[in-house]
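upload.pdb, holding PDB, C-alpha atoms:
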```pdb
ATOM      1  CA  MET N   1      22.984   7.731  18.305  1.00  0.00           C
ATOM      2  CA  ARG N   2      21.948   4.101  18.652  1.00  0.00           C
ATOM      3  CA  LYS N   3      19.727   2.852  15.865  1.00  0.00           C
ATOM      4  CA  GLU N   4      17.024   1.860  18.383  1.00  0.00           C
ATOM      5  CA  LYS N   5      16.738   5.532  19.338  1.00  0.00           C
ATOM      6  CA  THR N   6      16.166   6.773  15.785  1.00  0.00           C
ATOM      7  CA  ILE N   7      12.706   7.580  14.499  1.00  0.00           C
ATOM      8  CA  ASP N   8      13.204   5.869  11.150  1.00  0.00           C
ATOM      9  CA  PHE N   9      14.329   2.642  12.841  1.00  0.00           C
ATOM     10  CA  GLN N  10      11.156   2.545  14.965  1.00  0.00           C
ATOM     11  CA  ILE N  11       8.891   3.187  11.969  1.00  0.00           C
ATOM     12  CA  LYS N  12      10.666   0.580   9.847  1.00  0.00           C
ATOM     13  CA  TRP N  13      10.726  -1.954  12.684  1.00  0.00           C
ATOM     14  CA  ALA N  14       6.987  -1.497  13.312  1.00  0.00           C
ATOM     15  CA  TRP N  15       6.197  -1.770   9.594  1.00  0.00           C
ATOM     16  CA  HIS N  16       8.254  -4.964   9.240  1.00  0.00           C
ATOM     17  CA  SER N  17       6.412  -6.480  12.196  1.00  0.00           C
ATOM     18  CA  ILE N  18       3.049  -5.525  10.696  1.00  0.00           C
ATOM     19  CA  SER N  19       4.155  -6.808   7.290  1.00  0.00           C
ATOM     20  CA  ARG N  20       5.207 -10.187   8.745  1.00  0.00           C
ATOM     21  CA  MET N  21       1.863 -10.464  10.528  1.00  0.00           C
ATOM     22  CA  TYR N  22      -0.105  -9.621   7.364  1.00  0.00           C
ATOM     23  CA  ASN N  23       1.978 -12.081   5.324  1.00  0.00           C
ATOM     24  CA  ALA N  24       1.329 -14.844   7.869  1.00  0.00           C
ATOM     25  CA  TYR N  25      -2.394 -14.038   7.673  1.00  0.00           C
ATOM     26  CA  ALA N  26      -2.342 -13.906   3.853  1.00  0.00           C
ATOM     27  CA  ALA N  27      -0.409 -17.188   3.571  1.00  0.00           C
ATOM     28  CA  ARG N  28      -3.408 -18.987   5.079  1.00  0.00           C
ATOM     29  CA  PHE N  29      -5.297 -17.961   1.917  1.00  0.00           C
ATOM     30  CA  ASP N  30      -2.456 -18.675  -0.534  1.00  0.00           C
ATOM     31  CA  THR N  31      -1.567 -15.042  -1.119  1.00  0.00           C
ATOM     32  CA  THR N  32       0.722 -12.287   0.186  1.00  0.00           C
ATOM     33  CA  MET N  33       0.371  -8.935   1.864  1.00  0.00           C
ATOM     34  CA  ALA N  34       1.559  -7.191  -1.318  1.00  0.00           C
ATOM     35  CA  VAL N  35      -1.160  -8.879  -3.379  1.00  0.00           C
ATOM     36  CA  GLY N  36      -3.784  -7.954  -0.792  1.00  0.00           C
ATOM     37  CA  TYR N  37      -2.576  -4.363  -0.772  1.00  0.00           C
ATOM     38  CA  VAL N  38      -2.921  -4.087  -4.547  1.00  0.00           C
ATOM     39  CA  LEU N  39      -6.360  -5.725  -4.530  1.00  0.00           C
ATOM     40  CA  LEU N  40      -7.567  -3.333  -1.815  1.00  0.00           C
ATOM     41  CA  ASN N  41      -6.643  -0.395  -4.057  1.00  0.00           C
ATOM     42  CA  ILE N  42      -8.689  -1.594  -7.023  1.00  0.00           C
ATOM     43  CA  ASP N  43     -12.272  -0.327  -7.046  1.00  0.00           C
ATOM     44  CA  ILE N  44     -14.450  -3.374  -6.447  1.00  0.00           C
ATOM     45  CA  GLU N  45     -17.319  -2.193  -8.669  1.00  0.00           C
ATOM     46  CA  ASN N  46     -15.740  -0.236 -11.528  1.00  0.00           C
ATOM     47  CA  GLY N  47     -12.101  -1.281 -11.513  1.00  0.00           C
ATOM     48  CA  THR N  48      -9.299   1.263 -11.509  1.00  0.00           C
ATOM     49  CA  PRO N  49      -7.322   2.805 -14.366  1.00  0.00           C
ATOM     50  CA  ALA N  50      -3.924   1.101 -14.554  1.00  0.00           C
ATOM     51  CA  THR N  51      -2.144   4.469 -14.443  1.00  0.00           C
ATOM     52  CA  LYS N  52      -3.781   5.350 -11.098  1.00  0.00           C
ATOM     53  CA  ILE N  53      -2.761   2.213  -9.187  1.00  0.00           C
ATOM     54  CA  ALA N  54       0.994   2.849  -8.795  1.00  0.00           C
ATOM     55  CA  PRO N  55       0.514   6.320  -7.240  1.00  0.00           C
ATOM     56  CA  LEU N  56      -2.135   4.913  -4.863  1.00  0.00           C
ATOM     57  CA  LEU N  57       0.367   2.328  -3.658  1.00  0.00           C
ATOM     58  CA  GLY N  58       3.491   4.473  -3.685  1.00  0.00           C
ATOM     59  CA  MET N  59       5.056   2.018  -6.138  1.00  0.00           C
ATOM     60  CA  GLU N  60       7.179   2.524  -9.192  1.00  0.00           C
ATOM     61  CA  PRO N  61       5.256   1.747 -12.398  1.00  0.00           C
ATOM     62  CA  ARG N  62       7.830  -0.919 -13.405  1.00  0.00           C
ATOM     63  CA  SER N  63       7.252  -2.848 -10.177  1.00  0.00           C
ATOM     64  CA  LEU N  64       3.513  -2.588 -10.608  1.00  0.00           C
ATOM     65  CA  VAL N  65       3.660  -3.994 -14.157  1.00  0.00           C
ATOM     66  CA  ARG N  66       5.227  -7.201 -12.817  1.00  0.00           C
ATOM     67  CA  MET N  67       2.703  -7.379  -9.987  1.00  0.00           C
ATOM     68  CA  LEU N  68      -0.272  -6.872 -12.324  1.00  0.00           C
ATOM     69  CA  LYS N  69       1.057  -9.536 -14.689  1.00  0.00           C
ATOM     70  CA  ASN N  70       1.320 -11.927 -11.742  1.00  0.00           C
ATOM     71  CA  LEU N  71      -2.213 -11.089 -10.547  1.00  0.00           C
ATOM     72  CA  GLU N  72      -3.578 -11.597 -14.048  1.00  0.00           C
ATOM     73  CA  GLU N  73      -1.823 -14.978 -14.381  1.00  0.00           C
ATOM     74  CA  ARG N  74      -3.328 -16.029 -11.036  1.00  0.00           C
ATOM     75  CA  GLY N  75      -6.810 -15.066 -12.224  1.00  0.00           C
ATOM     76  CA  LEU N  76      -7.293 -12.268  -9.693  1.00  0.00           C
ATOM     77  CA  ILE N  77      -7.617  -9.394 -12.167  1.00  0.00           C
ATOM     78  CA  LYS N  78      -8.305  -8.771 -15.824  1.00  0.00           C
ATOM     79  CA  ARG N  79      -7.418  -5.847 -18.031  1.00  0.00           C
ATOM     80  CA  GLU N  80     -10.141  -4.035 -19.929  1.00  0.00           C
ATOM     81  CA  VAL N  81      -8.969  -1.883 -22.821  1.00  0.00           C
ATOM     82  CA  SER N  82     -11.166   1.106 -23.694  1.00  0.00           C
ATOM     83  CA  GLU N  83     -12.914   0.899 -27.050  1.00  0.00           C
ATOM     84  CA  GLN N  84     -12.589   4.681 -27.481  1.00  0.00           C
ATOM     85  CA  ASP N  85      -8.910   4.944 -26.526  1.00  0.00           C
ATOM     86  CA  LYS N  86      -6.813   1.790 -26.803  1.00  0.00           C
ATOM     87  CA  ARG N  87      -4.150   3.383 -24.560  1.00  0.00           C
ATOM     88  CA  PHE N  88      -6.580   3.440 -21.612  1.00  0.00           C
ATOM     89  CA  VAL N  89      -6.555   0.220 -19.582  1.00  0.00           C
ATOM     90  CA  ARG N  90      -8.774  -0.408 -16.569  1.00  0.00           C
ATOM     91  CA  ILE N  91      -7.827  -3.096 -14.060  1.00  0.00           C
ATOM     92  CA  VAL N  92     -10.889  -5.046 -12.911  1.00  0.00           C
ATOM     93  CA  LEU N  93     -11.165  -7.662 -10.179  1.00  0.00           C
ATOM     94  CA  THR N  94     -12.326 -11.152 -11.148  1.00  0.00           C
ATOM     95  CA  ASP N  95     -14.642 -13.079  -8.820  1.00  0.00           C
ATOM     96  CA  LEU N  96     -11.560 -14.745  -7.294  1.00  0.00           C
ATOM     97  CA  GLY N  97      -9.889 -11.326  -6.976  1.00  0.00           C
ATOM     98  CA  LYS N  98     -12.962 -10.009  -5.143  1.00  0.00           C
ATOM     99  CA  GLU N  99     -12.808 -12.968  -2.744  1.00  0.00           C
ATOM    100  CA  LYS N 100      -9.115 -12.373  -2.011  1.00  0.00           C
ATOM    101  CA  ARG N 101      -9.758  -8.633  -1.668  1.00  0.00           C
ATOM    102  CA  GLU N 102     -12.425  -9.308   0.949  1.00  0.00           C
ATOM    103  CA  LEU N 103     -10.035 -11.558   2.892  1.00  0.00           C
ATOM    104  CA  ALA N 104      -7.406  -8.791   2.810  1.00  0.00           C
ATOM    105  CA  ARG N 105     -10.013  -6.263   3.954  1.00  0.00           C
ATOM    106  CA  GLU N 106     -10.999  -8.522   6.864  1.00  0.00           C
ATOM    107  CA  GLY N 107      -7.331  -8.822   7.865  1.00  0.00           C
ATOM    108  CA  VAL N 108      -6.868  -5.044   7.878  1.00  0.00           C
ATOM    109  CA  ILE N 109     -10.062  -4.499   9.858  1.00  0.00           C
ATOM    110  CA  SER N 110      -9.066  -7.188  12.355  1.00  0.00           C
ATOM    111  CA  PHE N 111      -5.621  -5.637  12.914  1.00  0.00           C
ATOM    112  CA  ASN N 112      -7.023  -2.122  13.305  1.00  0.00           C
ATOM    113  CA  THR N 113      -9.721  -3.326  15.694  1.00  0.00           C
ATOM    114  CA  MET N 114      -7.121  -5.100  17.810  1.00  0.00           C
ATOM    115  CA  ILE N 115      -4.940  -1.969  17.974  1.00  0.00           C
ATOM    116  CA  ARG N 116      -7.908   0.285  18.787  1.00  0.00           C
ATOM    117  CA  ASP N 117      -9.042  -2.128  21.520  1.00  0.00           C
ATOM    118  CA  LYS N 118      -5.611  -2.211  23.184  1.00  0.00           C
ATOM    119  CA  ILE N 119      -4.289   1.345  22.752  1.00  0.00           C
ATOM    120  CA  PRO N 120      -6.254   4.237  24.268  1.00  0.00           C
ATOM    121  CA  LEU N 121      -7.826   6.695  21.838  1.00  0.00           C
ATOM    122  CA  ASP N 122      -5.850   9.664  23.206  1.00  0.00           C
ATOM    123  CA  LYS N 123      -2.576   7.862  22.382  1.00  0.00           C
ATOM    124  CA  LEU N 124      -3.804   6.999  18.883  1.00  0.00           C
ATOM    125  CA  VAL N 125      -4.775  10.618  18.256  1.00  0.00           C
ATOM    126  CA  VAL N 126      -1.249  11.728  19.205  1.00  0.00           C
ATOM    127  CA  PHE N 127       0.237   8.940  17.052  1.00  0.00           C
ATOM    128  CA  PHE N 128      -1.764  10.046  13.995  1.00  0.00           C
ATOM    129  CA  ASP N 129      -0.796  13.692  14.564  1.00  0.00           C
ATOM    130  CA  VAL N 130       2.890  12.816  14.863  1.00  0.00           C
ATOM    131  CA  ILE N 131       2.972  10.460  11.874  1.00  0.00           C
ATOM    132  CA  LYS N 132       1.160  13.089   9.773  1.00  0.00           C
ATOM    133  CA  ASP N 133       3.782  15.670  10.764  1.00  0.00           C
ATOM    134  CA  ILE N 134       6.604  13.232   9.965  1.00  0.00           C
ATOM    135  CA  ASN N 135       5.105  12.510   6.550  1.00  0.00           C
ATOM    136  CA  LYS N 136       4.764  16.236   5.851  1.00  0.00           C
ATOM    137  CA  LEU N 137       8.389  16.907   6.837  1.00  0.00           C
ATOM    138  CA  VAL N 138       9.663  13.982   4.779  1.00  0.00           C
ATOM    139  CA  GLU N 139       7.665  15.116   1.754  1.00  0.00           C
ATOM    140  CA  GLU N 140       9.071  18.651   2.099  1.00  0.00           C
ATOM    141  CA  GLU N 141      12.589  17.228   2.325  1.00  0.00           C
ATOM    142  CA  ASN N 142      11.956  15.046  -0.737  1.00  0.00           C
ATOM    143  CA  GLN N 143      10.822  18.115  -2.666  1.00  0.00           C
ATOM    144  CA  LYS N 144      13.998  19.979  -1.677  1.00  0.00           C
ATOM    145  CA  LEU N 145      16.153  17.037  -2.694  1.00  0.00           C
ATOM    146  CA  LYS N 146      14.304  16.685  -5.978  1.00  0.00           C
ATOM    147  CA  ALA N 147      14.747  20.404  -6.668  1.00  0.00           C
ATOM    148  CA  GLY N 148      18.453  20.061  -5.863  1.00  0.00           C
ATOM    149  CA  GLU N 149      18.788  17.169  -8.286  1.00  0.00           C
ATOM    150  CA  ILE N 150      17.171  19.236 -11.006  1.00  0.00           C
ATOM    151  CA  GLU N 151      19.497  22.173 -10.288  1.00  0.00           C
ATOM    152  CA  GLU N 152      22.515  19.850 -10.380  1.00  0.00           C
ATOM    153  CA  GLU N 153      21.437  18.522 -13.782  1.00  0.00           C
ATOM    154  CA  LEU N 154      21.238  22.059 -15.208  1.00  0.00           C
TER     155      LEU N 154
END
```
Would you mind writing the file out in structure tokens?
Amino acid sequence: MRKEKTIDFQIKWAWHSISRMYNAYAARFDTTMAVGYVLLNIDIENGTPATKIAPLLGMEPRSLVRMLKNLEERGLIKREVSEQDKRFVRIVLTDLGKEKRELAREGVISFNTMIRDKIPLDKLVVFFDVIKDINKLVEEENQKLKAGEIEEEL
């Protein structure tokens, strides 16, 4: 089977194209798509517990630690440690972080508007149904693989 005919190639190819577009957009504002993605997943009013961010993004906690350190150094976020439980850390957007978050939000809205304007709704409905099914199948397969790894370890 040629790679162009595989489902995973098409998904990855589309995502890389979208990623390049978002990075080109973000570069105009001295940031990256990855930074925008993190900022969009931090609650603008109340912040977000640090432990909740990685699962929201599908990232490994180790990768997120580096990203959060970078965002803090750039003045986009700050960490607030709970007075009641020093282990609990909430990530809060600074004013600059809120500005960059809004720019990222505008970029996402612009892209989605462009897609919705150019692709008929009936095709988008089918796309969302198919991608949901693919995600479900992949998650089931991941669970089987994870179970197999656990069995192998025993």
Step by step, work through what the PyMOL selection byres ((chain N and resi 29-38) around 10) selects in the shown file, and finish by giving those residues as a VMD selection string.
chain N and resid 18 to 28 39 to 42 53 to 54 56 to 57 64 67 to 68 70 to 71 76 97 100 to 105 107 to 108
Using Å and a single decimal, report how far atom CA of N:Gly58 sits from atom CA of N:Glu141.
16.8 Å
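Checking N:Ile7, N:Leu145, N:Val92, N:Val126 one by one against N:Glu80, counting only C-alpha atoms, you find the shortest gap at N:Val92.
Atom CA of N:Thr94 to atom CA of N:Lys78 spans 6.6 Å [interatomic distance, one decimal].
Taking atom CA of N:Ala50 and atom CA of N:Arg90 as the two end points, the separation is 5.5 Å.
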